Structures are given as structure tokens and as C-alpha cells.
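See below for the structure under consideration.
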Amino acid sequence: MLEIENVSRVFPARQGMFGKTEGVRALHEVSLSVRKGESFGLVGESGSGKTTLTRQILRLDTPTSGRILFEGEDMARLSPAALRALRAKVQIVFQDPYASLNPRMSVHDIVTEPMLIHRATLGLNRQQRTDRAAELLELVGLGPQHLYRHPHEFSGGQRQRICIARALAPGPSLVLLDEPTSALDVSVQAQVLNLLIELQQRLGLTYFFISHDLGVIRYICDRVALIYRGEIKEQGETQRLFDAPDSDYTRSLLAAMPPDIRRVGRQ
Amino acid sequence: MSALLDIRDLHLSMHSFEGAAKVLAGVSLSVEKRQIWGLVGETGCGKSLTGLSVSRLVRTPPAEYTGGQILLDGTDVLGLSEPQMRALRGRRVGMIFQDPTTNLNPAFRIGTQLIDVALAAARHDPSILGLDARAGRRARKAAARKLAINMLTEVGIPAAESRLDDYPHQFSGGMRQRVLIAMALIGRPGLLIADEPTTALDVSVQAQILTLLKQMVAAHDMGVVLITHNLGVVAQTCTHVAVMYAGTIVEKGPIAEVLADPAHPYTQALLRAIPDRSVARGQLQGLAGSVPNLIHPPPGCRFAPRCALARPSCLEGPPPLHTRAAGHEVACPVVEELQHA
């Protein structure tokens, strides 16, 4: 579904007003492959290159070297029209639902906007877009009565549901989830994670799940890759990686994790 | 032995246009030396307000303390004047907050900031600098500088002396939090309030900071209130835990007791929502419903509207505390009854 081949991204040195900045090697020879229908987790600390990699996948930024193939096609070689069509198939949900919804737009406008942008691909008229927005709200557990409300009327968990509805609007096959629950309380996080799992089963979605929370990754992902300073340190089946980590970096990360609460209780 | 901190039946209201929200309703917590209390709960449950109240950093108005006491070494801080409070902050109570970036002034070297705090603390207790009250300005400054270096070394900052002249932006997030811990402890407070100290940090750095906190408690005979929404952090660090919901403490006790035998329906729900090794995909349980409106809170138990065990009697009055085991208290008569039935 998604093949990332030896992708590197170097932000070059610059001579600015206040002196020189050094070049940064944000990604170095990153290779990953995400299979159709799976949840692929990307774990890394702040500054490890998670976001840079996401930006490459969304084609908001261009790799210095390497290729990214989506459904077999090299994204760098697509014509602008083809790229626009492809963007309907790759959508993203961001971390902070308080910052990623325009407070002046109604839920209806927020959720229909991607359908408007991709109307050439989707071919939906105004009424159909509104109908679909109502369906999507239902799908994420909110219900169509919220259609004409504004973001400030919703709690954090409800806002994240709106963000998910918006991401699903153009009918994507791959959804990038960039720390979708780290701004939420645990009880709400559990609801949102379960919603994501349910949606994946119903719609056959593929998830690319970015998180620094290993507990969440273990809960939701089939396979995981660990990124550290722009390099993939280890990747593999989630279960295997947690039970028998190969690299020292993985081991140190697992050791730093808070203990399983249920286990602490049993001791 | 009298407790370092003894919060007794604290009530706090926040005045707003819609009315007074009863944000703390009968919070009681007692912290002794060498205890690390984890104060956990979700957004808006009042855990930070409880912490801030100890240093009296909640602005009144809009807040109003409608009842209760906060005894710090036996003195009720709610009765103290602002100058008296100022003598206490940083000396008897130290505080660290979530975001180490916004709590340091970016325009001053960290040495300057640490020395300022040391000198301010020394105004109330000259012995901190190891000098007597008659020492001159220059001598005090030199002693404060030396103390700053010692503190930075103690919190694990290498080459502390040379780093005094660095600015906050030259430190990483974890290092900045270490600087803030050094700053909080420079006046040798008996009690440290740490409000989400590791939330902005990566797990590996988080583990280091929590270990450092534990070392500081052992080295300085302190008591700590660690405010967090992360039960994992509590399990990793604390000796005791208090679980808060909508301005009340629903369960508290020694960490091992509470985690082995979580009794309150809210504590159980909170634990069920945490993804960990034993939970299969899709099996995590969220908590249905939402937090009650605190302007018109439900009478009686505030968790009752979301509780599976709730019965009419739950809404009659505040639930009494039951002791389950030594020090382990639960504010739910229903669980107790079911257990003994």
C-alpha cells in the first residue's frame, strides 16, 4: 500500500542574518512498508523525525533522496492533477483537536470542506455532501444533530471525532494519525481508540499511527517501527518487538515505560 | 507525628457569570515526610487547584475558599497574609510545573535566576546560604552562586559551574526541568508540589526525572504531592495515591493497596481505560457520559450519574469514607455493602 524506500531528508545549512545554521539530517535512509488494512505504528521521541516523515508521505515536503510509493505509484512523479486525486486517498488526523478545527466554521462546513476540495474526484453535489457529512457524524458516534454547531461547543473527545469525520470525508484508504489521543484524558482516549478500531474494521482502512505512547501503540498496531534521530532502529510485529526487542534502543525505551498498572497491583 | 501537609475538608468555589462552580468539595489529604502522593484524575477534576491552594496561588476572587483548612506544619495557610505567604513559598513549599520552557525567563541566564531565588529564600532564612544575618551583599551573592552550583550538580547537570552562564534555550527539555527542580529545592522546602512535571517530556527523559524526584525525597526528607493524569507515572514513582473526580477524592491509600484492590467504581473505570499488556485490541473500556456540571453538581456522590452501581441513596448526601485496609479509604458505601453482602 505504502512503500517508503531509502528516504532521506536533509535540511541544508543556511547563511542567515544572525550567522550560519548547520545542516540537519532529519531522515536518513528510512525504509518502511505499510500493508493494506493494517495499523502501522511509528514510535519516536520528540525531534526523532516522526513529523518530517509524515510530511514526506503527505507530500507537503520533498525528500532529498529516496522514493515513496503509494499503491505502486511514485508520488514524486505524479502530475498535479493526479497528486490532487491521490490526496483524497491519504488523510490525516492531528494531535490537538483544539488547534486543528477552525472555530469560525460549523461542523457541517468543516466536514464538507474536503469533499468540496475533492469534488472533481468525488463528484458530490451540495445536497449529497451534506447528507454524507451527516452520515459521517453518525459513523463517528456524534449524530447529525451536531451538524450546525461550532467547535467550541464540543469536548476534546468529541472534537477529535469531528477531526476523524473530516479525515474520512473524501473516502481515504490510508489515514495518518499523528498522536490522535495524546491531548485526551485516558477514559476518552479509550473511546477514541475503540472508535478507530471499529472504523478500520468497517471501512477497511489502513492506519499509519504516530505516537510516543508505547501503551497505545501496543494496543492498536499490528507492526511498529522505532525511529531515533532520523533512523529506523527496529521494526517488526508489535508483539515480537515488545516481547523480544532486538536493539539496545528498543530495550532502553521499554525500560523507561511506566510499569503495567495491573501488574503493580498484583505484586 | 504531625503531618507535613494536612488538607482538611477543603471547599473551593469559582465565581463565574453562570454562578459559583463548586470545584473542590471536601478534599482531605495528609502528607508526611518521605511520602510521595500521586494526585490523579482527569482534566478539570481539581487536582491542580488542590496543589495551587497549598501555596495559595489561586486568585481570590474569582475563587473563594468556602470551608476547610490547609495545615502546613500545623499552620493554616488560608489564614495567612500575603507577605506571610511570600515568606513560605519556595521555603516551606516548592513547586514545579508542567512546562519547563515557560517557567524559566528566556532573557536571563539560569545562574541569575537560581541566585535570585536563593537570595530571596535567604531573606527569610539566612542559614540557607550558610552565612549569618550580618554578612554583606557580596558575600551573600557569592554564597548563593555556590549554592546554585551545588544544586545543579545535585540534580544531575554536568559541568554545573560553566552552565550557570547559559540561557534557558541552551538546555534540552529534560535539563530545563532539572534546573526547575534545582530552583524549587534551593530554599530547602519540606514539601514539594509537582504539577504534571513530566507531561511535556519523552518517556526516557520522564523516567530520569521521576528517578531524580525519588532521590531528592530520600536525600532531603521531603514530602511530595505529584499531580498527574497518568496512573503509570504514579505506579512508577509514588508511595501513595489519591484519585480525584469532579472536586472530590474518591479513593486514597498506599499505592500497592489501591492498585491491588481498587474499590471505587471510578478508580476501576480509570484503570480499565489504560492500554497495557493484558488488554486485547478493542477490549479497552472508555467511560460513558461526561463530567457533571459543577455549578449544579449532583447532590451526594458526584460520580453517581455515570456509575453502574448507583442507587437512589447515592444522591442523598456526600458519600462517607470507608476504611478498607490500613490507610486505604474509599468514598463509596455501595461497594462496601456489596463486599460484605
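Ordered as shown in the C-alpha cells, chains take letters A, B, and onward, while each chain numbers its residues from 1 and ligands are numbered from 1 in the order shown.
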
Give me, as a Markdown table, the closest atom pair and its distance (Å, one decimal) for every residue of range 168-241 of chain A within a cut-off of 9 Å of range 83-94 of chain A, counting only C-alpha atoms, rows sorted by chain and rising number.
```
| residue | atom | partner | partner_atom | distance |
| --- | --- | --- | --- | --- |
| A:Leu168 | CA | A:Gln91 | CA | 7.4 |
| A:Ala169 | CA | A:Ala88 | CA | 8.7 |
| A:Pro170 | CA | A:Ala88 | CA | 5.3 |
| A:Gly171 | CA | A:Lys89 | CA | 6.4 |
| A:Pro172 | CA | A:Lys89 | CA | 3.7 |
| A:Ser173 | CA | A:Lys89 | CA | 5.3 |
| A:Leu174 | CA | A:Val90 | CA | 4.9 |
| A:Val175 | CA | A:Gln91 | CA | 4.9 |
| A:Leu176 | CA | A:Ile92 | CA | 4.5 |
| A:Leu177 | CA | A:Val93 | CA | 4.9 |
| A:Asp178 | CA | A:Phe94 | CA | 5.1 |
| A:Glu179 | CA | A:Phe94 | CA | 6.7 |
| A:Pro180 | CA | A:Phe94 | CA | 5.8 |
```

Go ahead and dump the residues you just picked, N, CA and C atoms, as a CSV table (one decimal), in the first residue's frame.
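That gives us again.csv:
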```csv
chain,number,residue,atom,x,y,z
A,168,LEU,N,-12.2,11.3,7.1
A,168,LEU,CA,-12.9,10.2,6.3
A,168,LEU,C,-13.7,10.7,5.2
A,169,ALA,N,-14.0,12.1,5.2
A,169,ALA,CA,-14.9,12.6,4.2
A,169,ALA,C,-14.5,12.3,2.8
A,170,PRO,N,-13.3,12.5,2.3
A,170,PRO,CA,-13.0,12.2,0.9
A,170,PRO,C,-12.8,10.7,0.6
A,171,GLY,N,-13.1,9.9,1.5
A,171,GLY,CA,-13.0,8.4,1.3
A,171,GLY,C,-11.6,7.9,1.2
A,172,PRO,N,-10.8,8.2,2.2
A,172,PRO,CA,-9.3,7.8,2.1
A,172,PRO,C,-9.2,6.3,2.3
A,173,SER,N,-8.1,5.7,1.8
A,173,SER,CA,-7.8,4.3,2.1
A,173,SER,C,-6.7,4.3,3.2
A,174,LEU,N,-5.8,5.4,3.2
A,174,LEU,CA,-4.8,5.4,4.2
A,174,LEU,C,-5.0,6.7,5.1
A,175,VAL,N,-5.0,6.4,6.4
A,175,VAL,CA,-5.2,7.6,7.4
A,175,VAL,C,-4.0,7.7,8.2
A,176,LEU,N,-3.4,8.8,8.2
A,176,LEU,CA,-2.2,9.1,9.1
A,176,LEU,C,-2.8,9.7,10.4
A,177,LEU,N,-2.4,9.1,11.5
A,177,LEU,CA,-2.9,9.5,12.8
A,177,LEU,C,-1.7,10.0,13.6
A,178,ASP,N,-1.6,11.3,13.7
A,178,ASP,CA,-0.4,11.9,14.4
A,178,ASP,C,-0.8,12.2,15.8
A,179,GLU,N,-0.4,11.3,16.7
A,179,GLU,CA,-0.7,11.4,18.1
A,179,GLU,C,-2.2,11.8,18.4
A,180,PRO,N,-3.1,11.0,17.9
A,180,PRO,CA,-4.5,11.4,17.9
A,180,PRO,C,-5.1,11.5,19.3
```

Running DSSP on the backbone, which parts of range 73-248 of chain B land in strand (DSSP E), as an mmCIF file with N, CA and C atoms, in the first residue's frame?
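Ended up saving to selection.cif:
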```
data_model
loop_
_atom_site.group_PDB
_atom_site.id
_atom_site.type_symbol
_atom_site.label_atom_id
_atom_site.label_comp_id
_atom_site.auth_asym_id
_atom_site.auth_seq_id
_atom_site.Cartn_x
_atom_site.Cartn_y
_atom_site.Cartn_z
ATOM 1 N N THR B 75 0.306 25.129 60.562
ATOM 2 C CA THR B 75 -0.270 26.475 60.382
ATOM 3 C C THR B 75 -1.254 26.451 59.225
ATOM 4 N N ASP B 76 -2.408 27.082 59.425
ATOM 5 C CA ASP B 76 -3.392 27.129 58.346
ATOM 6 C C ASP B 76 -3.019 28.231 57.358
ATOM 7 N N VAL B 93 7.239 25.387 50.933
ATOM 8 C CA VAL B 93 6.645 24.660 49.803
ATOM 9 C C VAL B 93 7.385 25.048 48.537
ATOM 10 N N GLY B 94 7.880 24.064 47.810
ATOM 11 C CA GLY B 94 8.465 24.320 46.498
ATOM 12 C C GLY B 94 7.487 23.836 45.454
ATOM 13 N N MET B 95 7.523 24.442 44.280
ATOM 14 C CA MET B 95 6.609 23.982 43.240
ATOM 15 C C MET B 95 7.332 23.814 41.915
ATOM 16 N N ILE B 96 6.979 22.774 41.172
ATOM 17 C CA ILE B 96 7.413 22.685 39.784
ATOM 18 C C ILE B 96 6.197 22.405 38.910
ATOM 19 N N LEU B 191 8.141 20.463 51.635
ATOM 20 C CA LEU B 191 7.104 19.904 50.786
ATOM 21 C C LEU B 191 7.289 20.388 49.359
ATOM 22 N N LEU B 192 7.174 19.453 48.420
ATOM 23 C CA LEU B 192 7.287 19.824 47.013
ATOM 24 C C LEU B 192 5.977 19.481 46.308
ATOM 25 N N ILE B 193 5.422 20.459 45.604
ATOM 26 C CA ILE B 193 4.245 20.194 44.797
ATOM 27 C C ILE B 193 4.708 20.139 43.353
ATOM 28 N N ALA B 194 4.543 19.004 42.712
ATOM 29 C CA ALA B 194 4.983 18.855 41.328
ATOM 30 C C ALA B 194 3.753 18.665 40.461
ATOM 31 N N ASP B 195 3.418 19.671 39.672
ATOM 32 C CA ASP B 195 2.198 19.642 38.880
ATOM 33 C C ASP B 195 2.504 19.184 37.454
ATOM 34 N N GLY B 223 8.378 15.709 51.610
ATOM 35 C CA GLY B 223 7.135 15.098 51.185
ATOM 36 C C GLY B 223 6.804 15.681 49.825
ATOM 37 N N VAL B 224 6.156 14.872 48.978
ATOM 38 C CA VAL B 224 5.846 15.354 47.633
ATOM 39 C C VAL B 224 4.379 15.103 47.311
ATOM 40 N N VAL B 225 3.754 16.078 46.652
ATOM 41 C CA VAL B 225 2.464 15.833 46.018
ATOM 42 C C VAL B 225 2.712 15.895 44.518
ATOM 43 N N LEU B 226 2.561 14.758 43.855
ATOM 44 C CA LEU B 226 2.813 14.675 42.422
ATOM 45 C C LEU B 226 1.463 14.660 41.705
ATOM 46 N N ILE B 227 1.169 15.746 41.014
ATOM 47 C CA ILE B 227 -0.110 15.857 40.328
ATOM 48 C C ILE B 227 0.054 15.358 38.907
ATOM 49 N N THR B 228 -0.774 14.412 38.495
ATOM 50 C CA THR B 228 -0.620 13.857 37.158
ATOM 51 C C THR B 228 -1.932 13.248 36.684
ATOM 52 N N HIS B 240 2.000 6.693 47.706
ATOM 53 C CA HIS B 240 0.566 6.752 47.970
ATOM 54 C C HIS B 240 -0.143 7.361 46.777
ATOM 55 N N VAL B 241 -1.446 7.115 46.706
ATOM 56 C CA VAL B 241 -2.198 7.712 45.615
ATOM 57 C C VAL B 241 -3.562 8.198 46.107
ATOM 58 N N ALA B 242 -4.000 9.323 45.559
ATOM 59 C CA ALA B 242 -5.354 9.815 45.806
ATOM 60 C C ALA B 242 -5.995 10.048 44.447
ATOM 61 N N VAL B 243 -7.171 9.447 44.242
ATOM 62 C CA VAL B 243 -7.853 9.572 42.961
ATOM 63 C C VAL B 243 -8.945 10.630 43.093
ATOM 64 N N MET B 244 -8.916 11.614 42.211
ATOM 65 C CA MET B 244 -9.906 12.693 42.296
ATOM 66 C C MET B 244 -10.922 12.603 41.176
ATOM 67 N N TYR B 245 -12.139 12.965 41.497
ATOM 68 C CA TYR B 245 -13.175 13.066 40.470
ATOM 69 C C TYR B 245 -14.068 14.260 40.788
ATOM 70 N N THR B 248 -13.685 15.981 44.195
ATOM 71 C CA THR B 248 -13.679 15.168 45.410
ATOM 72 C C THR B 248 -12.619 14.077 45.297
#
```

Residues of chain B within 6 Å of chain A, only C-alpha atoms counted, as a PDB file with C-alpha atoms, in the first residue's frame:
```pdb
ATOM      1  CA  GLU B  42      -8.834  13.761  34.574  1.00  0.00           C
ATOM      2  CA  ASP B 202       9.624  11.967  26.349  1.00  0.00           C
ATOM      3  CA  SER B 204      13.000   8.068  28.635  1.00  0.00           C
ATOM      4  CA  ALA B 207      11.838   8.119  33.740  1.00  0.00           C
ATOM      5  CA  GLY B 232       1.565   4.791  35.029  1.00  0.00           C
ATOM      6  CA  VAL B 233       3.657   7.668  36.367  1.00  0.00           C
ATOM      7  CA  GLN B 236       6.405   4.244  38.781  1.00  0.00           C
ATOM      8  CA  ALA B 256       0.171  -1.137  46.346  1.00  0.00           C
ATOM      9  CA  LEU B 259      -3.734  -0.785  42.702  1.00  0.00           C
ATOM     10  CA  ALA B 260      -4.171  -4.314  44.028  1.00  0.00           C
ATOM     11  CA  ALA B 273      -9.259   2.620  30.257  1.00  0.00           C
ATOM     12  CA  PRO B 275      -3.987   0.259  27.474  1.00  0.00           C
ATOM     13  CA  ASP B 276      -1.442  -2.185  28.788  1.00  0.00           C
ATOM     14  CA  ARG B 281      -7.458  -4.965  20.907  1.00  0.00           C
ATOM     15  CA  GLY B 282     -10.913  -3.457  21.139  1.00  0.00           C
ATOM     16  CA  LEU B 284     -10.383  -1.228  26.336  1.00  0.00           C
ATOM     17  CA  GLY B 286     -13.915   4.074  27.961  1.00  0.00           C
ATOM     18  CA  LEU B 287     -16.108   5.830  30.455  1.00  0.00           C
TER      19      LEU B 287
END
```

Quick one: pick out all helix (DSSP H, G or I) residues within range 37-263 of chain A from a backbone DSSP run and write them as a PyMOL selection string.
chain A and resi 50-57+75-77+80-87+107-117+119-122+126-139+144-146+151-153+156-168+186-203+214-220+238-243+248-256+261-263

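Compared by their closest atoms to Leu72 in chain B, and using only C-alpha atoms, the residues B:Pro254, B:Gly174, B:Gly136, B:Pro189 rank with B:Pro189 nearest.
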